[in-house]
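Source file my_file19.csv; content: CSV, C-alpha atoms.
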```csv
chain,number,residue,atom,x,y,z
A,29,MET,CA,0.0,0.0,0.0
A,30,VAL,CA,2.9,2.4,0.8
A,31,ILE,CA,4.5,1.5,-2.5
A,32,THR,CA,1.4,2.2,-4.6
A,33,ASP,CA,0.7,5.4,-2.6
A,34,GLU,CA,4.1,6.6,-3.4
A,35,ILE,CA,3.9,5.6,-7.1
A,36,ALA,CA,0.6,7.4,-7.3
A,37,ARG,CA,2.3,10.5,-5.9
A,38,LEU,CA,5.2,10.2,-8.4
A,39,THR,CA,3.1,9.5,-11.5
A,40,GLU,CA,-0.1,11.4,-10.7
A,41,LEU,CA,-1.9,8.3,-12.0
A,42,PRO,CA,-4.6,6.2,-10.2
A,43,SER,CA,-3.7,2.7,-9.0
A,44,GLN,CA,-5.8,-0.2,-10.3
A,45,TRP,CA,-4.3,-2.7,-7.8
A,46,ASN,CA,-6.9,-5.0,-6.2
A,47,GLY,CA,-5.0,-5.0,-2.9
A,48,LYS,CA,-4.0,-8.6,-3.1
A,49,VAL,CA,-0.5,-10.2,-3.3
A,50,GLU,CA,-0.2,-13.9,-4.1
A,51,ILE,CA,2.8,-15.9,-3.0
A,52,GLU,CA,3.9,-18.4,-5.6
A,53,LEU,CA,5.6,-21.4,-3.9
A,54,MET,CA,7.0,-23.2,-7.0
A,55,THR,CA,10.6,-22.1,-7.9
A,56,ASN,CA,10.1,-22.9,-11.6
A,57,ARG,CA,7.8,-19.9,-12.1
A,58,ALA,CA,8.5,-16.3,-13.0
A,59,PHE,CA,10.0,-14.1,-10.3
A,60,GLY,CA,6.8,-12.0,-10.2
A,61,GLY,CA,3.7,-11.1,-12.2
A,62,LYS,CA,0.6,-9.1,-12.4
A,63,THR,CA,-2.6,-10.5,-13.8
A,64,PHE,CA,-5.3,-8.6,-15.8
A,65,SER,CA,-7.4,-8.7,-12.6
A,66,CYS,CA,-4.7,-6.6,-11.0
A,67,LEU,CA,-3.5,-9.3,-8.6
A,68,ILE,CA,0.3,-9.1,-7.9
A,69,ARG,CA,2.2,-12.3,-7.7
A,70,ILE,CA,5.7,-12.9,-6.3
A,71,ARG,CA,7.7,-16.1,-5.9
A,72,ALA,CA,8.3,-17.1,-2.3
A,73,ASP,CA,12.0,-17.6,-2.6
A,74,VAL,CA,12.3,-14.2,-4.3
A,75,ALA,CA,10.1,-12.6,-1.6
A,76,ALA,CA,12.6,-13.9,1.0
A,77,THR,CA,15.5,-11.9,-0.4
A,78,ASP,CA,16.2,-8.3,-1.3
A,79,LEU,CA,15.2,-9.1,-4.8
A,80,ARG,CA,11.6,-8.8,-3.6
A,81,TRP,CA,12.0,-5.0,-3.9
A,82,PRO,CA,12.6,-4.6,-7.6
A,83,THR,CA,10.1,-7.3,-8.3
A,84,LEU,CA,7.4,-5.7,-6.3
A,85,PHE,CA,8.1,-2.2,-7.6
A,86,HIS,CA,8.0,-3.5,-11.2
A,87,GLU,CA,4.7,-5.2,-10.6
A,88,ALA,CA,3.3,-2.1,-8.7
A,89,PHE,CA,4.1,0.2,-11.7
A,90,HIS,CA,2.0,-2.2,-13.9
A,91,CYS,CA,-0.9,-1.3,-11.7
A,92,PHE,CA,-0.7,2.3,-13.0
A,93,SER,CA,-0.5,1.4,-16.6
A,94,VAL,CA,-3.4,2.9,-18.6
A,95,GLU,CA,-5.6,0.5,-20.6
A,96,ARG,CA,-3.3,-2.5,-20.5
A,97,ASN,CA,-5.7,-4.8,-22.2
A,98,ALA,CA,-5.2,-8.2,-23.8
A,99,ASP,CA,-5.1,-7.1,-27.4
A,100,ALA,CA,-2.6,-4.3,-26.7
A,101,THR,CA,-0.5,-6.6,-24.6
A,102,LEU,CA,-0.1,-9.1,-27.4
A,103,ALA,CA,0.9,-6.4,-29.9
A,104,TYR,CA,3.0,-4.0,-27.8
A,105,ILE,CA,4.5,-6.1,-25.0
A,106,GLY,CA,7.8,-4.1,-24.8
A,107,TYR,CA,6.1,-0.8,-24.6
A,108,GLU,CA,4.7,-2.1,-21.3
A,109,GLU,CA,7.5,-4.2,-19.8
A,110,GLY,CA,10.2,-1.8,-20.8
A,111,VAL,CA,8.4,1.2,-19.4
A,112,VAL,CA,7.6,-0.3,-16.0
A,113,GLU,CA,11.1,-1.8,-15.6
A,114,GLN,CA,12.8,1.5,-16.4
A,115,LEU,CA,10.5,3.3,-13.9
A,116,GLN,CA,11.3,0.7,-11.3
A,117,ARG,CA,15.0,1.3,-11.8
A,118,ARG,CA,14.7,5.1,-11.9
A,119,PHE,CA,12.6,5.3,-8.7
A,120,ARG,CA,13.9,2.3,-6.8
A,121,ARG,CA,16.2,4.2,-4.5
A,122,LEU,CA,13.5,6.8,-3.7
A,123,LEU,CA,10.9,4.1,-3.0
A,124,LEU,CA,13.3,2.2,-0.7
A,125,ASP,CA,14.1,5.4,1.2
A,126,ARG,CA,10.4,6.1,1.6
A,127,LEU,CA,9.9,2.5,2.9
A,128,GLN,CA,12.9,3.1,5.2
A,129,VAL,CA,14.6,0.0,3.7
A,130,SER,CA,18.4,-0.1,3.7
A,131,VAL,CA,19.7,-2.2,0.8
A,132,ALA,CA,22.9,-1.6,-1.1
A,133,GLU,CA,22.3,-1.0,-4.8
A,134,GLU,CA,24.9,-3.7,-5.6
A,135,ARG,CA,22.3,-6.3,-4.6
A,136,PHE,CA,20.4,-5.5,-7.8
A,137,VAL,CA,23.3,-5.3,-10.2
A,138,ASP,CA,23.0,-8.9,-11.4
A,139,ARG,CA,19.2,-8.7,-11.9
A,140,ASP,CA,19.4,-5.4,-13.8
A,141,ALA,CA,22.3,-6.5,-16.0
A,142,ASN,CA,20.7,-9.8,-16.9
A,143,SER,CA,17.0,-8.9,-17.2
A,144,ALA,CA,15.2,-9.9,-20.3
A,145,TYR,CA,13.7,-6.4,-20.4
A,146,ASN,CA,17.1,-4.8,-21.2
A,147,ASP,CA,16.4,-5.0,-25.0
A,148,TYR,CA,13.2,-3.0,-24.4
A,149,ILE,CA,14.9,-0.5,-22.2
A,150,TYR,CA,17.6,0.0,-24.8
A,151,ALA,CA,15.1,0.6,-27.6
A,152,LEU,CA,13.1,3.0,-25.5
A,153,GLU,CA,16.1,4.9,-24.4
A,154,GLN,CA,17.2,5.3,-28.0
A,155,MET,CA,13.8,6.7,-28.9
A,156,ARG,CA,13.7,9.0,-25.9
A,157,GLN,CA,17.1,10.5,-26.8
A,158,GLU,CA,16.0,11.0,-30.5
A,159,LEU,CA,12.8,12.8,-29.2
A,160,GLY,CA,14.9,14.9,-26.8
A,161,ASP,CA,12.7,14.0,-23.8
A,162,ALA,CA,13.7,14.0,-20.2
A,163,SER,CA,13.6,10.9,-18.1
A,164,PRO,CA,11.6,9.9,-16.1
A,165,GLU,CA,9.0,12.2,-17.6
A,166,PHE,CA,9.1,10.3,-20.9
A,167,TYR,CA,8.3,7.0,-19.1
A,168,ILE,CA,5.6,8.4,-16.9
A,169,GLY,CA,4.0,9.9,-20.0
A,170,LEU,CA,4.0,6.5,-21.7
A,171,LEU,CA,2.6,4.8,-18.6
A,172,GLY,CA,-0.3,7.3,-18.6
A,173,THR,CA,-0.9,6.7,-22.4
A,174,PRO,CA,-3.2,3.8,-23.3
A,175,LEU,CA,-0.9,0.9,-24.2
A,176,GLU,CA,-2.2,0.5,-27.8
A,177,GLN,CA,-1.5,4.2,-28.5
A,178,ARG,CA,2.1,4.3,-27.3
A,179,TRP,CA,3.6,3.1,-30.6
A,180,ALA,CA,1.6,5.6,-32.6
A,181,LEU,CA,2.2,8.5,-30.3
A,182,MET,CA,6.0,8.1,-30.5
A,183,ARG,CA,5.8,7.4,-34.3
A,184,GLU,CA,3.9,10.6,-34.9
A,185,ARG,CA,6.2,12.7,-32.8
A,186,ILE,CA,9.4,11.4,-34.5
A,187,MET,CA,7.9,11.9,-38.0
A,188,GLN,CA,7.4,15.5,-37.2
A,189,ALA,CA,11.0,15.9,-36.2
A,190,THR,CA,13.7,17.1,-38.6
A,191,GLN,CA,15.9,14.1,-38.1
A,192,TRP,CA,13.2,11.9,-39.6
A,193,ARG,CA,14.5,12.9,-43.0
A,194,ARG,CA,17.6,10.7,-42.2
A,195,PRO,CA,17.1,7.2,-43.7
A,196,ASP,CA,19.4,5.7,-41.1
A,197,LEU,CA,17.1,7.0,-38.3
A,198,ARG,CA,14.0,5.6,-40.0
A,199,GLU,CA,15.7,2.3,-40.3
A,200,ARG,CA,16.8,2.2,-36.7
A,201,TRP,CA,13.5,3.5,-35.5
A,202,SER,CA,11.7,0.6,-37.2
A,203,ARG,CA,14.1,-1.9,-35.6
A,204,TRP,CA,13.4,-0.4,-32.2
A,205,GLU,CA,9.7,-0.8,-32.8
A,206,GLN,CA,10.2,-4.4,-33.9
A,207,VAL,CA,12.1,-5.1,-30.6
A,208,LEU,CA,9.4,-3.4,-28.6
A,209,CYS,CA,6.7,-5.5,-30.2
A,210,GLY,CA,8.7,-8.6,-29.2
A,211,ASN,CA,9.6,-9.6,-32.7
A,212,GLU,CA,13.3,-9.1,-32.5
A,213,VAL,CA,16.2,-9.2,-30.0
A,214,TYR,CA,19.6,-7.7,-30.0
A,215,ASP,CA,22.3,-10.4,-30.6
A,216,GLU,CA,25.3,-8.3,-29.8
A,217,PRO,CA,27.0,-8.9,-26.4
A,218,ARG,CA,26.2,-6.5,-23.5
B,20,MET,CA,25.6,-14.5,-13.9
B,21,ASN,CA,28.6,-15.2,-16.1
B,22,GLN,CA,28.7,-14.3,-19.8
B,23,ASP,CA,28.3,-17.9,-21.0
B,24,ARG,CA,25.2,-18.5,-18.9
B,25,TYR,CA,23.8,-15.2,-20.0
B,26,GLN,CA,24.3,-15.9,-23.7
B,27,SER,CA,22.7,-19.4,-23.2
B,28,SER,CA,19.7,-17.8,-21.4
B,29,LYS,CA,19.4,-15.1,-24.1
B,30,SER,CA,19.5,-17.6,-26.9
B,31,PHE,CA,16.8,-19.7,-25.2
B,32,VAL,CA,14.5,-16.6,-24.7
B,33,LYS,CA,15.1,-15.6,-28.3
B,34,GLU,CA,14.0,-19.1,-29.4
B,35,MET,CA,10.9,-18.8,-27.2
B,36,ARG,CA,10.0,-15.3,-28.6
B,37,ALA,CA,10.2,-16.8,-32.1
B,38,LEU,CA,8.0,-19.7,-31.0
B,39,ALA,CA,5.4,-17.3,-29.7
B,40,ALA,CA,5.7,-14.8,-32.5
B,41,ASN,CA,2.2,-15.6,-33.9
B,42,ARG,CA,0.7,-14.9,-30.5
B,43,ASP,CA,-1.6,-17.9,-30.5
B,44,LEU,CA,-2.4,-19.4,-27.1
B,45,ALA,CA,-1.1,-22.9,-27.9
B,46,SER,CA,2.4,-21.7,-28.9
B,47,ILE,CA,2.6,-19.3,-26.0
B,48,ARG,CA,1.6,-22.0,-23.5
B,49,PHE,CA,4.2,-24.4,-25.0
B,50,ALA,CA,6.8,-21.6,-24.6
B,51,VAL,CA,5.7,-21.1,-21.0
B,52,GLU,CA,6.1,-24.9,-20.3
B,53,ARG,CA,9.5,-24.9,-21.7
B,54,MET,CA,10.6,-21.9,-19.8
B,55,GLN,CA,9.2,-23.4,-16.5
B,56,ALA,CA,11.3,-26.5,-17.3
B,57,TRP,CA,14.3,-24.3,-17.8
B,58,MET,CA,13.6,-22.6,-14.4
B,59,GLU,CA,13.5,-25.9,-12.7
B,60,ALA,CA,17.2,-26.4,-13.6
B,61,HIS,CA,18.1,-22.7,-13.0
B,62,PRO,CA,15.6,-21.2,-10.5
B,63,ASP,CA,17.8,-18.1,-10.0
B,64,ASP,CA,18.2,-17.2,-13.7
B,65,PRO,CA,17.4,-13.5,-13.9
B,66,HIS,CA,17.0,-13.5,-17.7
B,67,VAL,CA,14.5,-16.3,-18.0
B,68,GLY,CA,12.9,-15.5,-14.7
B,69,THR,CA,12.0,-12.0,-15.9
B,70,ALA,CA,11.1,-13.2,-19.5
B,71,LEU,CA,8.7,-15.8,-18.0
B,72,GLU,CA,6.7,-13.0,-16.4
B,73,GLU,CA,6.2,-11.5,-19.9
B,74,PHE,CA,5.1,-14.9,-21.3
B,75,ASP,CA,2.7,-15.5,-18.4
B,76,ILE,CA,0.9,-12.2,-19.3
B,77,LEU,CA,1.0,-13.0,-23.0
B,78,ALA,CA,-0.6,-16.4,-22.3
B,79,GLU,CA,-3.3,-14.7,-20.2
B,80,ALA,CA,-3.9,-12.2,-23.0
B,81,ALA,CA,-4.0,-14.8,-25.7
B,82,GLY,CA,-6.5,-16.8,-23.6
B,83,ILE,CA,-8.8,-13.7,-23.3
B,84,VAL,CA,-8.6,-12.9,-27.0
B,85,GLU,CA,-9.3,-16.5,-28.1
B,86,GLY,CA,-12.1,-16.7,-25.6
B,87,GLN,CA,-13.7,-13.5,-27.1
B,88,LYS,CA,-13.4,-15.0,-30.6
B,89,LEU,CA,-15.2,-18.1,-29.5
B,90,LYS,CA,-18.0,-16.0,-28.0
B,91,SER,CA,-18.4,-13.7,-30.9
B,92,PRO,CA,-21.5,-14.3,-33.2
B,93,SER,CA,-19.3,-14.6,-36.3
B,94,ALA,CA,-17.5,-17.6,-34.8
B,95,ALA,CA,-20.8,-19.4,-34.0
```
Could you take the file, read its structure, and then write that structure out as structure tokens?
Amino acid sequence: MVITDEIARLTELPSQWNGKVEIELMTNRAFGGKTFSCLIRIRADVAATDLRWPTLFHEAFHCFSVERNADATLAYIGYEEGVVEQLQRRFRRLLLDRLQVSVAEERFVDRDANSAYNDYIYALEQMRQELGDASPEFYIGLLGTPLEQRWALMRERIMQATQWRRPDLRERWSRWEQVLCGNEVYDEPR
Amino acid sequence: MNQDRYQSSKSFVKEMRALAANRDLASIRFAVERMQAWMEAHPDDPHVGTALEEFDILAEAAGIVEGQKLKSPSAA
């Protein structure tokens, strides 16, 4: 509750969380999750370590995502997962401080460096820099935009920018979009 | 997580993304099952552990969309 209250203050968006957290006992499941009924799930062994914090923060940000429906999720998965993971990382220290939790940032280095969402974050960061937007405002803006409109919103904005005349940017932008739709991954080493 | 393990996990997730590319429920569920089997062997794998969250919600979304198609008059 403290987490969602704080995120509501930071994003100025309403929470859709149903107030329930389910503990998943099986260790072959995802670290965490949030269902369309707005139930937050966390694996028991993850909840027992400091990794519960980034996991819970990530899932809590999902609760503020506007119009995250089934169709949009299937089409634009990276525009959701990348946005909430980047917000989690950006506001993690602040949220921990508000919760009066003392955890060294080093505890999260391995999780951050090896997350499957890094491709999405990389693509979003490239787009943000081309658009000249500040972070975290860019990500909060996307979180407050219906999921199925995030792709078009950014596409319209970049098409109005002078750099859109550059063929190399148009090519890279399309690639970033493909990554964010879950159709492509980066093969190059980190 | 060392570089070899990371590359192995990344290749696996890439394969699962390709498997689920059509976004049909059966393919996504199959990918989820394979990822759960992977997690049994590597329960602390941060790459597959986070990707599995994504596939769980894709499976839920595909189930909703396919359920709506079955209920629609045109499908009857």
Residue contacts of region 67-80 of chain B (7 Å, all atoms listed in the file) excluding same-chain residues fewer than 3 positions away, as a PDB file with C-alpha atoms, in the frame of the given file:
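So the final result, stored in around-v8.pdb, reads:
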```pdb
ATOM      1  CA  ALA A  58       8.500 -16.300 -13.000  1.00  0.00           C
ATOM      2  CA  PHE A  59      10.000 -14.100 -10.300  1.00  0.00           C
ATOM      3  CA  GLY A  60       6.800 -12.000 -10.200  1.00  0.00           C
ATOM      4  CA  GLY A  61       3.700 -11.100 -12.200  1.00  0.00           C
ATOM      5  CA  THR A  63      -2.600 -10.500 -13.800  1.00  0.00           C
ATOM      6  CA  ALA A  98      -5.200  -8.200 -23.800  1.00  0.00           C
ATOM      7  CA  ASP A  99      -5.100  -7.100 -27.400  1.00  0.00           C
ATOM      8  CA  THR A 101      -0.500  -6.600 -24.600  1.00  0.00           C
ATOM      9  CA  LEU A 102      -0.100  -9.100 -27.400  1.00  0.00           C
ATOM     10  CA  SER A 143      17.000  -8.900 -17.200  1.00  0.00           C
ATOM     11  CA  ALA A 144      15.200  -9.900 -20.300  1.00  0.00           C
TER      12      ALA A 144
ATOM     13  CA  SER B  28      19.700 -17.800 -21.400  1.00  0.00           C
ATOM     14  CA  VAL B  32      14.500 -16.600 -24.700  1.00  0.00           C
ATOM     15  CA  LEU B  44      -2.400 -19.400 -27.100  1.00  0.00           C
ATOM     16  CA  ILE B  47       2.600 -19.300 -26.000  1.00  0.00           C
ATOM     17  CA  ARG B  48       1.600 -22.000 -23.500  1.00  0.00           C
ATOM     18  CA  VAL B  51       5.700 -21.100 -21.000  1.00  0.00           C
ATOM     19  CA  MET B  54      10.600 -21.900 -19.800  1.00  0.00           C
ATOM     20  CA  ASP B  64      18.200 -17.200 -13.700  1.00  0.00           C
ATOM     21  CA  ILE B  83      -8.800 -13.700 -23.300  1.00  0.00           C
ATOM     22  CA  VAL B  84      -8.600 -12.900 -27.000  1.00  0.00           C
TER      23      VAL B  84
END
```
Compute the chain A side of the contact with chain B at 10 Å, counting all atoms listed in the file, and hand it back as a ChimeraX atom specification. /A:54-64,69,73-74,83,87,97-103,105-106,108-109,138-146,209-218
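With CA of Phe92 (chain A) on one side and CA of Ala151 (chain A) on the other, the separation reads 21.6 Å.
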Just the residues within 10 Å of Glu153 (chain A), please, counting only C-alpha atoms, with nothing from its chain fewer than 6 positions along; format it as a ChimeraX atom specification. /A:110-111,114,147,159,161,163,166-167,204
Which one of A:Leu79, A:Leu124, A:Tyr107, A:Ile68 sits closest to Ala180 (chain A) if you count all atoms listed in the file? A:Tyr107
Could you check how far CA of Arg178 (chain A) sits from CA of Leu123 (chain A), in Å to one decimal?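 It comes out at 25.8 Å.
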